[in-house]
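**Q** data.cif is reproduced below (mmCIF, C-alpha atoms).
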data_structure
#
loop_
_atom_site.label_atom_id
_atom_site.label_comp_id
_atom_site.auth_asym_id
_atom_site.auth_seq_id
_atom_site.Cartn_x
_atom_site.Cartn_y
_atom_site.Cartn_z
CA ASP A 21 17.46 -3.99 7.08
CA SER A 22 13.87 -2.90 7.72
CA GLY A 23 13.41 -5.04 10.82
CA VAL A 24 10.62 -7.06 9.19
CA THR A 25 11.48 -10.73 8.79
CA GLN A 26 9.87 -13.25 6.48
CA THR A 27 10.31 -16.99 6.23
CA PRO A 28 10.98 -18.93 4.19
CA LYS A 29 12.98 -16.98 1.64
CA HIS A 30 12.20 -19.41 -1.16
CA LEU A 31 9.48 -22.03 -1.53
CA ILE A 32 8.98 -24.52 -4.34
CA THR A 33 5.85 -26.63 -4.35
CA ALA A 34 3.39 -28.35 -6.65
CA THR A 35 -0.05 -27.40 -7.89
CA GLY A 36 -2.84 -28.27 -5.49
CA GLN A 37 -0.62 -27.99 -2.43
CA ARG A 38 -0.92 -25.67 0.56
CA VAL A 39 1.82 -23.46 1.99
CA THR A 40 2.21 -21.07 4.91
CA LEU A 41 4.28 -17.91 4.78
CA ARG A 42 5.37 -16.27 7.99
CA CYS A 43 6.06 -12.65 8.85
CA SER A 44 7.41 -11.01 11.99
CA PRO A 45 6.83 -7.25 12.10
CA ARG A 46 9.25 -4.64 13.39
CA SER A 47 9.38 -4.40 17.14
CA GLY A 48 6.51 -2.20 18.28
CA ASP A 49 4.57 -2.31 15.01
CA LEU A 50 0.95 -3.35 15.42
CA SER A 51 -0.12 -3.51 11.80
CA VAL A 52 0.85 -6.11 9.21
CA TYR A 53 0.17 -6.03 5.48
CA TRP A 54 0.53 -8.71 2.81
CA TYR A 55 1.27 -8.03 -0.84
CA GLN A 56 1.73 -10.18 -3.92
CA GLN A 57 4.17 -9.07 -6.61
CA SER A 58 4.12 -10.75 -9.99
CA LEU A 59 5.47 -9.72 -13.37
CA ASP A 60 2.07 -9.34 -14.99
CA GLN A 61 0.06 -7.91 -12.06
CA GLY A 62 2.60 -5.68 -10.36
CA LEU A 63 2.31 -5.09 -6.60
CA GLN A 64 -1.11 -6.12 -5.32
CA PHE A 65 -2.36 -5.45 -1.81
CA LEU A 66 -3.86 -8.58 -0.28
CA ILE A 67 -4.84 -7.92 3.32
CA GLN A 68 -4.04 -5.88 6.43
CA TYR A 69 -4.23 -6.78 10.11
CA TYR A 70 -4.06 -4.41 13.03
CA ASN A 71 -3.43 -5.73 16.52
CA GLY A 72 -4.85 -9.12 15.67
CA GLU A 73 -7.90 -8.02 13.74
CA GLU A 74 -8.50 -7.78 10.02
CA ARG A 75 -8.42 -4.11 9.01
CA ALA A 76 -8.59 -3.99 5.22
CA LYS A 77 -8.97 -6.45 2.41
CA GLY A 78 -7.64 -6.08 -1.10
CA ASN A 79 -7.40 -8.50 -4.01
CA ILE A 80 -7.10 -11.62 -1.90
CA LEU A 81 -8.41 -14.85 -3.39
CA GLU A 82 -10.75 -17.09 -1.40
CA ARG A 83 -8.06 -19.80 -1.51
CA PHE A 84 -5.83 -17.48 0.51
CA SER A 85 -6.25 -16.61 4.17
CA ALA A 86 -4.22 -14.83 6.80
CA GLN A 87 -4.16 -14.20 10.50
CA GLN A 88 -2.23 -12.17 13.03
CA PHE A 89 -1.38 -13.83 16.31
CA PRO A 90 -1.24 -12.35 19.84
CA ASP A 91 2.54 -11.93 19.54
CA LEU A 92 1.77 -9.88 16.38
CA HIS A 93 3.45 -12.18 13.90
CA SER A 94 1.33 -13.03 10.90
CA GLU A 95 0.88 -15.99 8.60
CA LEU A 96 -0.45 -16.08 5.06
CA ASN A 97 -1.93 -19.42 4.03
CA LEU A 98 -2.17 -20.26 0.35
CA SER A 99 -4.12 -23.38 -0.59
CA SER A 100 -5.06 -25.30 -3.76
CA LEU A 101 -2.08 -23.65 -5.37
CA GLU A 102 -2.08 -22.88 -9.07
CA LEU A 103 0.76 -22.06 -11.44
CA GLY A 104 -0.42 -18.46 -11.48
CA ASP A 105 0.21 -18.12 -7.75
CA SER A 106 3.94 -18.11 -8.40
CA ALA A 107 5.09 -14.70 -7.22
CA LEU A 108 6.96 -12.76 -4.59
CA TYR A 109 4.95 -12.32 -1.42
CA PHE A 110 5.86 -9.35 0.73
CA CYS A 111 4.92 -8.54 4.26
CA ALA A 112 5.07 -4.98 5.57
CA SER A 113 4.44 -3.52 9.00
CA SER A 114 3.63 -0.13 10.48
CA VAL A 115 3.27 1.28 13.96
CA VAL A 116 -0.31 2.40 13.52
CA ALA A 117 -2.99 1.37 11.07
CA ALA A 118 -2.21 4.26 8.73
CA GLY A 119 1.49 4.58 9.21
CA THR A 120 4.48 4.36 6.92
CA GLN A 121 4.98 0.77 5.85
CA TYR A 122 8.29 -1.06 6.19
CA PHE A 123 8.74 -4.08 3.95
CA GLY A 124 10.32 -7.43 4.56
CA PRO A 125 12.63 -9.11 2.03
CA GLY A 126 9.84 -11.27 0.63
CA THR A 127 9.15 -14.96 0.05
CA ARG A 128 9.59 -16.19 -3.49
CA LEU A 129 7.00 -18.87 -4.24
CA LEU A 130 7.32 -21.13 -7.25
CA VAL A 131 4.44 -23.47 -8.05
CA LEU A 132 5.35 -26.26 -10.48
CA GLY B 27 -11.63 5.18 -6.21
CA ASP B 28 -8.11 6.05 -5.19
CA SER B 29 -5.30 5.29 -7.62
CA VAL B 30 -1.74 6.14 -8.55
CA THR B 31 -0.42 6.48 -12.09
CA GLN B 32 3.29 6.35 -12.82
CA MET B 33 5.17 6.95 -16.02
CA GLU B 34 5.89 3.81 -17.96
CA GLY B 35 9.34 2.41 -17.91
CA PRO B 36 11.91 1.21 -18.36
CA VAL B 37 14.03 4.33 -18.09
CA THR B 38 17.71 4.22 -19.04
CA LEU B 39 20.00 7.12 -18.18
CA SER B 40 23.69 7.81 -18.26
CA GLU B 41 25.48 8.46 -15.00
CA GLU B 42 25.12 12.09 -13.78
CA ALA B 43 21.99 12.66 -15.86
CA PHE B 44 18.89 14.34 -14.42
CA LEU B 45 16.05 12.04 -13.42
CA THR B 46 12.33 12.68 -13.37
CA ILE B 47 9.77 9.95 -12.75
CA ASN B 48 6.22 11.25 -13.03
CA CYS B 49 3.51 10.27 -10.59
CA THR B 50 -0.07 11.51 -10.45
CA TYR B 51 -2.80 10.43 -8.11
CA THR B 52 -6.52 10.33 -7.60
CA ALA B 53 -7.77 10.42 -4.04
CA THR B 54 -11.03 10.93 -2.19
CA GLY B 55 -9.50 12.84 0.68
CA TYR B 56 -6.12 14.36 1.44
CA PRO B 57 -3.63 11.54 1.13
CA SER B 58 -0.09 11.07 2.28
CA LEU B 59 2.26 10.36 -0.62
CA PHE B 60 5.29 8.10 -0.75
CA TRP B 61 8.11 6.93 -2.99
CA TYR B 62 9.47 3.45 -2.39
CA VAL B 63 12.51 1.91 -4.06
CA GLN B 64 13.14 -1.78 -4.76
CA TYR B 65 16.73 -2.80 -5.49
CA PRO B 66 17.29 -6.07 -7.36
CA GLY B 67 16.45 -9.08 -5.22
CA GLU B 68 15.25 -7.00 -2.27
CA GLY B 69 12.03 -5.78 -0.70
CA LEU B 70 10.66 -2.26 -1.01
CA GLN B 71 12.32 0.48 1.02
CA LEU B 72 10.79 3.83 1.88
CA LEU B 73 12.67 6.51 -0.04
CA LEU B 74 10.73 9.63 0.94
CA LYS B 75 7.28 10.85 1.86
CA ALA B 76 5.11 13.95 2.15
CA THR B 77 1.97 14.23 4.24
CA LYS B 78 0.38 17.49 3.11
CA ALA B 79 0.21 19.86 0.17
CA ASP B 80 3.43 21.75 -0.70
CA ASP B 81 5.53 19.46 1.51
CA LYS B 82 8.81 18.36 -0.05
CA GLY B 83 10.16 14.93 0.80
CA SER B 84 13.87 14.35 0.28
CA ASN B 85 16.41 11.58 0.85
CA LYS B 86 19.69 10.45 -0.74
CA GLY B 87 19.56 13.30 -3.26
CA PHE B 88 16.02 12.44 -4.37
CA GLU B 89 13.19 14.96 -3.96
CA ALA B 90 9.46 15.06 -4.55
CA THR B 91 6.98 17.86 -3.87
CA TYR B 92 3.32 17.25 -3.01
CA ARG B 93 1.37 19.32 -5.55
CA LYS B 94 -2.33 19.35 -4.72
CA GLU B 95 -3.26 21.60 -7.64
CA THR B 96 -1.85 19.16 -10.18
CA THR B 97 -2.37 16.02 -8.02
CA SER B 98 1.25 15.09 -8.62
CA PHE B 99 4.29 13.84 -6.71
CA HIS B 100 7.07 13.62 -9.26
CA LEU B 101 10.39 12.12 -8.20
CA GLU B 102 13.57 13.99 -9.19
CA LYS B 103 17.30 13.64 -8.76
CA GLY B 104 19.87 16.01 -10.16
CA SER B 105 22.63 13.52 -10.88
CA VAL B 106 21.96 9.79 -10.91
CA GLN B 107 24.51 7.11 -10.11
CA VAL B 108 24.80 3.50 -11.21
CA SER B 109 23.77 2.50 -7.68
CA ASP B 110 20.38 4.20 -8.22
CA SER B 111 19.40 1.46 -10.65
CA ALA B 112 16.21 0.01 -9.17
CA VAL B 113 12.43 -0.01 -9.49
CA TYR B 114 10.67 3.03 -8.06
CA PHE B 115 7.08 2.90 -6.77
CA CYS B 116 4.83 5.86 -6.05
CA ALA B 117 2.15 5.23 -3.43
CA LEU B 118 -0.58 6.96 -1.48
CA SER B 119 -2.41 6.40 1.77
CA ASP B 120 -5.79 8.06 2.10
CA HIS B 121 -7.56 8.53 5.42
CA ALA B 122 -10.87 8.84 3.57
CA THR B 123 -10.58 5.27 2.32
CA GLY B 124 -9.43 3.62 5.54
CA ASN B 125 -5.73 4.31 4.97
CA GLN B 126 -5.24 1.49 2.52
CA PHE B 127 -2.06 1.90 0.49
CA TYR B 128 -2.32 2.22 -3.28
CA PHE B 129 0.83 1.59 -5.26
CA GLY B 130 1.70 2.57 -8.80
CA THR B 131 2.94 -0.06 -11.21
CA GLY B 132 6.58 0.83 -10.66
CA THR B 133 9.17 2.40 -12.95
CA SER B 134 12.38 0.54 -13.68
CA LEU B 135 15.49 2.73 -13.82
CA THR B 136 18.82 1.60 -15.22
CA VAL B 137 21.81 3.93 -14.96
CA ILE B 138 24.73 3.14 -17.24
CA PRO B 139 28.31 4.32 -16.60
#
What is this file in structure tokens?
**A**
Amino acid sequence: DSGVTQTPKHLITATGQRVTLRCSPRSGDLSVYWYQQSLDQGLQFLIQYYNGEERAKGNILERFSAQQFPDLHSELNLSSLELGDSALYFCASSVVAAGTQYFGPGTRLLVL
Amino acid sequence: GDSVTQMEGPVTLSEEAFLTINCTYTATGYPSLFWYVQYPGEGLQLLLKATKADDKGSNKGFEATYRKETTSFHLEKGSVQVSDSAVYFCALSDHATGNQFYFGTGTSLTVIP
């Protein structure tokens, strides 16, 4: 158990819908990262937050957005969902902005 | 830009065989290097890391040495077990590029009894 929690574990929704994925980092970790893992694209970095502020941006679509709240938990919002958004979404956290990342168990999203 | 290249999988080995998974990197600065492991149905777990040239990371019988001259960080284990079956990811974090993590594509390992 890494100490990073993600909810929900599974999510099934329809195209065009919007969902919110939640992540709670390890106690004491200030930085949160979001990744998308799909069979054809592998592990793709989406976005990083550090102490509430956006730190780095990767291959995140405009339909996706994220934020980190004062209690340091983070949410990833996915809107206008498409079939191709079906994937595993991982959250990771680290103590500092450049630290070793610890991954949560992931949220499996299925868009029908 | 920064990148990580891993050997293509899948890799299938018999129990007690020697394992090598190759990883090479391209980086602007002097990165830290990592191996993560993903067991079926789980998230990624840190397996080992090395933060400077010639450092050797080791854990659970796995080892990898940071080779700056060959820009490599190959993962090795002397005798694999069925329980080592998983996907292995090489990754780097480079201060010169804002410490963003770059992951390889992953190498699937299956160990058969």
**Q** Counting only C-alpha atoms, which residues of chain A come no farther than 9 Å from chain B, as a PyMOL selection string?
**A** chain A and resi 22+61-65+68+75-78+110+117-126
**Q** Under the PyMOL selection byres ((chain A and resi 102) around 8), which residues of this model are included? Write them out as number ranges by chain.
**A** A: 35-36, 100-101, 103-106, 131
**Q** Out of B:Asn85, B:Thr97, B:Asn48, B:Gln64, which residue has the shortest atom-to-atom distance to Asp28 in chain B when counting only C-alpha atoms?
**A**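 Answer, going by the shortest atom-to-atom distance: B:Thr97.
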**Q** Given the point (7.8, -0.6, 17.3) in the coordinates of this file, which residues lie within 10 Å, counting only C-alpha atoms, and how would they look as a VMD selection string?
**A** chain A and resid 23 45 to 50 113 to 116
**Q** Excluding same-chain residues fewer than 2 positions from Ala90 in chain B, what lies within 6 Å of it counting all atoms listed in the file, as a ChimeraX atom specification?
**A** /B:82-83,99-101
**Q** Report, in Å with one decimal, the straight-line distance from CA of Trp61 in chain B to CA of Gln56 in chain A.
**A**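 Answer for the CA of Trp61 in chain B to CA of Gln56 in chain A separation: 18.3 Å.
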**Q** Might you pull out every residue within 10 Å of Leu129 in chain A, with all atoms listed in the file counted and same-chain residues fewer than 3 positions away left off, and present them as a list in words?
**A** Pro28, Lys29, His30, Leu31, Ile32, Thr33, Val39, Leu41, Asp105, Ser106, Ala107, Leu108, Tyr109, Gly126 and Leu132 of chain A
**Q** Hey, what comes out of the PyMOL selection byres ((chain A and resi 53) around 8) on this file? Could you write it as a list in words?
**A**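 So the PyMOL selection byres ((chain A and resi 53) around 8) ends up selecting Ser51, Val52, Trp54, Tyr55, Phe65, Leu66, Ile67, Gln68, Tyr69, Cys111, Ala112 and Ser113 of chain A.
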**Q** Step by step, work through what the PyMOL selection byres ((chain B and resi 133) around 9) selects in the shown file, and finish by giving those residues as a VMD selection string.
**A** chain B and resid 32 to 37 47 112 to 116 130 to 132 134 to 135
**Q** Could you tell me how far CA of Leu96 in chain A lies from CA of Pro57 in chain B, in Å and to one decimal?
**A**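 Going from CA of Leu96 in chain A over to CA of Pro57 in chain B covers 28.1 Å.
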**Q** Generate N, CA and C atoms for range 97-114 of chain B and emit them as an mmCIF file, keeping the file's coordinate frame.
**A**
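Output contents, as saved in selection39.cif:
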data_model
loop_
_atom_site.group_PDB
_atom_site.id
_atom_site.type_symbol
_atom_site.label_atom_id
_atom_site.label_comp_id
_atom_site.auth_asym_id
_atom_site.auth_seq_id
_atom_site.Cartn_x
_atom_site.Cartn_y
_atom_site.Cartn_z
ATOM 1 N N THR B 97 -2.303 17.392 -8.570
ATOM 2 C CA THR B 97 -2.370 16.020 -8.020
ATOM 3 C C THR B 97 -1.160 15.205 -8.464
ATOM 4 N N SER B 98 0.034 15.748 -8.180
ATOM 5 C CA SER B 98 1.250 15.090 -8.620
ATOM 6 C C SER B 98 2.274 14.991 -7.502
ATOM 7 N N PHE B 99 3.208 14.056 -7.685
ATOM 8 C CA PHE B 99 4.290 13.840 -6.710
ATOM 9 C C PHE B 99 5.470 13.279 -7.481
ATOM 10 N N HIS B 100 6.014 14.078 -8.370
ATOM 11 C CA HIS B 100 7.070 13.620 -9.260
ATOM 12 C C HIS B 100 8.397 13.467 -8.524
ATOM 13 N N LEU B 101 9.094 12.392 -8.829
ATOM 14 C CA LEU B 101 10.390 12.120 -8.200
ATOM 15 C C LEU B 101 11.505 12.696 -9.071
ATOM 16 N N GLU B 102 12.472 13.387 -8.440
ATOM 17 C CA GLU B 102 13.570 13.990 -9.190
ATOM 18 C C GLU B 102 14.892 13.747 -8.469
ATOM 19 N N LYS B 103 15.943 13.653 -9.294
ATOM 20 C CA LYS B 103 17.300 13.640 -8.760
ATOM 21 C C LYS B 103 18.196 14.331 -9.768
ATOM 22 N N GLY B 104 19.055 15.179 -9.269
ATOM 23 C CA GLY B 104 19.870 16.010 -10.160
ATOM 24 C C GLY B 104 20.952 15.258 -10.895
ATOM 25 N N SER B 105 21.499 14.216 -10.270
ATOM 26 C CA SER B 105 22.630 13.520 -10.880
ATOM 27 C C SER B 105 22.592 12.061 -10.428
ATOM 28 N N VAL B 106 22.131 11.183 -11.317
ATOM 29 C CA VAL B 106 21.960 9.790 -10.910
ATOM 30 C C VAL B 106 23.281 9.035 -10.956
ATOM 31 N N GLN B 107 23.339 7.976 -10.168
ATOM 32 C CA GLN B 107 24.510 7.110 -10.110
ATOM 33 C C GLN B 107 24.096 5.693 -10.508
ATOM 34 N N VAL B 108 25.085 4.899 -10.855
ATOM 35 C CA VAL B 108 24.800 3.500 -11.210
ATOM 36 C C VAL B 108 24.057 2.799 -10.083
ATOM 37 N N SER B 109 24.395 3.139 -8.852
ATOM 38 C CA SER B 109 23.770 2.500 -7.680
ATOM 39 C C SER B 109 22.295 2.871 -7.509
ATOM 40 N N ASP B 110 21.804 3.834 -8.274
ATOM 41 C CA ASP B 110 20.380 4.200 -8.220
ATOM 42 C C ASP B 110 19.520 3.274 -9.084
ATOM 43 N N SER B 111 20.146 2.391 -9.818
ATOM 44 C CA SER B 111 19.400 1.460 -10.650
ATOM 45 C C SER B 111 18.496 0.595 -9.772
ATOM 46 N N ALA B 112 17.200 0.670 -10.025
ATOM 47 C CA ALA B 112 16.210 0.010 -9.170
ATOM 48 C C ALA B 112 14.827 0.235 -9.783
ATOM 49 N N VAL B 113 13.812 -0.298 -9.113
ATOM 50 C CA VAL B 113 12.430 -0.010 -9.490
ATOM 51 C C VAL B 113 11.850 0.943 -8.461
ATOM 52 N N TYR B 114 11.202 1.995 -8.925
ATOM 53 C CA TYR B 114 10.670 3.030 -8.060
ATOM 54 C C TYR B 114 9.138 2.986 -8.097
#
